[in-house]
Each structure stands twice: as structure tokens, then as C-alpha cells.
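Structure, as C-alpha cells:
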Amino acid sequence: MNFFTADPHFGHANIIRSCSRPFKDAEEMDRTLIDNWNACVGEEDAVFILGDFCYRSRRDPVFYLKALHGHKHLILGNHDPRALYTGPLLKFFAEVVDYKELKGESGNTFVLFHYPILFWNGTPDAHYVHLYGHIHNSTFCNERTDRLYNALNVGMDVSDFRPLSEEEVLLKVREISAGKEWSYSPRPR
């Protein structure tokens with residue numbers, strides 16, 4: 001089964017304050033994120049992490065990678081230094097890329113990128129879904145990206161601090177996109 005998430009920021013104490021996460025410290029946050037992840041992700045599941053895996057942690061990222069279930073795919077975020085993920089850490093990931101288009105088990109194509117994008121390959125096609133992170137639980141940003149057709153913020157801060165299954169993603173996308181029509185005219189009218 002495929003799962004999607006973004007912005008766990010494992011070990012990052014300051015993210016608790018800046019995103020109003022309900023944890024007393026990074027240790028409690030890490031424990032909760034790991035427990036939530038492993039409660040829904042099995043050892044053979046694929047997890048697509050849309051950036052900002054671990055940041056300013058006192059622990060080595062290997063600690064988290066060994067603790068988490070599933071085959072991990074990292075789409076690099078602004079807090080994921082490429083040099084870190086091309087060295088010894090690379091063996092803990094099925095892949096490390098900047099951008100990915102994934103044909104899901106549902107038959108939908110998922111366009112995976114750390115940042116929300118306005119237009120993506122397949123934008124007008126209802127079977128192409130853009131998943132992103134980066135904006136956490138920012139009301140200002142989420143009010144704007146919620147207007148996008150077939151797009152979803154899968155960040156930890158807006159998904160109960162756990163990865164979402166492909167089925168959950170599609171249900172949320174249908175709910176957000178209900179009543180929206182995608183239209184685009186290349187020429188001004």
C-alpha cells in the first residue's frame with residue numbers, strides 16, 4: 001500500500017512552537033510521530049515523504065529511519081541537504097529525488113513535490129493528483145492552495161501527525177475538489 005506524508009521535521013524542537021504542535025518537547029514529538037507512523041504503515045508498505053524529513057535533530061537521521069516501518073521514498077525538501085542523502089543515508093531509502101510522478105495502485109497518477117505548484121503535468125485530468133507539503137498548517141497558505149483542483153497538502157501538521165494512505169488521500173482530494181471545475185484558457189477572452 002502507498003502512504004504519503006511531508007514535513008515530519010524529526011528532532012526539530014523549534015517546529016513545535018512555529019507550527020503550534022501539541023508536544024512539550026522534541027522527544028515527545030518524535031515518539032508520537034514514530035508511533036503514529038508505525039500504527040498505520042506496515043513493513044512492506046511504501047511511504048513517500050515529501051520533504052523535510054529530519055531537521056536540527058540531536059539524533060542521527062538513521063535513528064528515525066530504522067524506527068519507521070515501510071520502504072521510504074524521499075522527495076527532497078528545503079531542509080533536506082542533498083549531500084546528506086547521497087552519502088551513507090541513501091541505503092535507507094528506496095529512492096531520493098527532487099520530483100516524482102507515481103502511478104498509484106488506484107490508477108491515479110500522483111505528482112509529488114515538496115512545494116505546492118500551480119500547474120503540474122496532467123493538471124486538467126481528474127486522475128492526476130498533486131501532493132505537496134512545505135506550508136505546514138499556515139492558514140494563509142492553505143486557504144490559497146485549497147483552491148487548487150486535485151491537490152492536497154499531506155504535511156504532518158494537517159494530517160493528525162501521521163502518513164495518509166492512498167485511499168485517504170483520494171477521499172480528501174474528492175472532498176476538497178467537490179464542486180470545483182478546472183478551466184484554463186490559454187488566450188485572454
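By order of appearance in the C-alpha cells: chains A, B, ..., then residues from 1 within every chain, and ligands from 1 in the order shown.
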Could you build a table of the residues in segment 138-178 of chain A lying no more than 12 Å from segment 63-81 of chain A, giving for each the nearest pair of atoms and their separation in Å rounded to one decimal place, using only C-alpha atoms, ordered by chain and ascending residue number, as JSON lines?
{"residue": "A:Gly155", "atom": "CA", "partner": "A:Gly77", "partner_atom": "CA", "distance": 11.8}
{"residue": "A:Arg162", "atom": "CA", "partner": "A:Leu68", "partner_atom": "CA", "distance": 11.6}
{"residue": "A:Pro163", "atom": "CA", "partner": "A:Gly70", "partner_atom": "CA", "distance": 11.1}
>> Just checking: using only C-alpha atoms, which residue out of A:Val41, A:Leu148, A:Ala126, A:Leu50 ends up closest to His114 of chain A?
In response: A:Leu50
>> Quick one: residues within 12 Å of segment 169-179 of chain A, only C-alpha atoms, excluding same-chain residues fewer than 4 positions away - as a count of residues only?
In response: 36
>> When you look at Ser138 of chain A with a cut-off of 10 Å (counting only C-alpha atoms), what residues show up, excluding the ones that are within fewer than 2 positions of it in the same chain? I need them as a ChimeraX atom specification.
In response: /A:18-19,134-136,140-143,157-158
Grab the residues selected above and save them as a CSV table (one decimal), in the first residue's frame with N, CA, C and O atoms.
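The result, stored in again_39.csv:
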chain,number,residue,atom,x,y,z
A,18,SER,N,6.7,27.0,16.2
A,18,SER,CA,6.4,27.7,15.0
A,18,SER,C,5.1,27.2,14.3
A,18,SER,O,4.4,27.9,13.6
A,19,CYS,N,4.8,25.9,14.5
A,19,CYS,CA,3.6,25.3,13.9
A,19,CYS,C,2.5,24.9,15.0
A,19,CYS,O,1.6,24.3,14.7
A,134,HIS,N,5.5,21.5,2.7
A,134,HIS,CA,6.1,22.8,2.9
A,134,HIS,C,5.4,23.9,3.6
A,134,HIS,O,5.9,24.6,4.4
A,135,ILE,N,4.1,24.0,3.4
A,135,ILE,CA,3.3,25.1,4.0
A,135,ILE,C,2.7,24.8,5.4
A,135,ILE,O,2.1,25.6,6.0
A,136,HIS,N,3.0,23.6,5.9
A,136,HIS,CA,2.6,23.1,7.2
A,136,HIS,C,1.1,23.5,7.4
A,136,HIS,O,0.3,23.2,6.6
A,140,PHE,N,-2.9,31.1,6.0
A,140,PHE,CA,-2.8,32.0,4.8
A,140,PHE,C,-2.4,31.1,3.6
A,140,PHE,O,-3.1,31.2,2.5
A,141,CYS,N,-1.5,30.2,3.7
A,141,CYS,CA,-1.1,29.4,2.5
A,141,CYS,C,-2.1,28.3,2.2
A,141,CYS,O,-2.4,28.1,1.0
A,142,ASN,N,-2.7,27.7,3.2
A,142,ASN,CA,-3.6,26.6,3.0
A,142,ASN,C,-4.9,27.1,2.4
A,142,ASN,O,-5.6,26.5,1.6
A,143,GLU,N,-5.3,28.4,2.7
A,143,GLU,CA,-6.5,28.9,2.1
A,143,GLU,C,-6.3,29.1,0.6
A,143,GLU,O,-7.3,29.0,-0.1
A,157,ASP,N,1.4,18.3,9.9
A,157,ASP,CA,0.6,19.3,10.7
A,157,ASP,C,-0.9,19.4,10.3
A,157,ASP,O,-1.7,19.9,11.1
A,158,VAL,N,-1.2,18.8,9.2
A,158,VAL,CA,-2.6,18.9,8.8
A,158,VAL,C,-3.2,17.5,8.5
A,158,VAL,O,-4.3,17.3,8.0
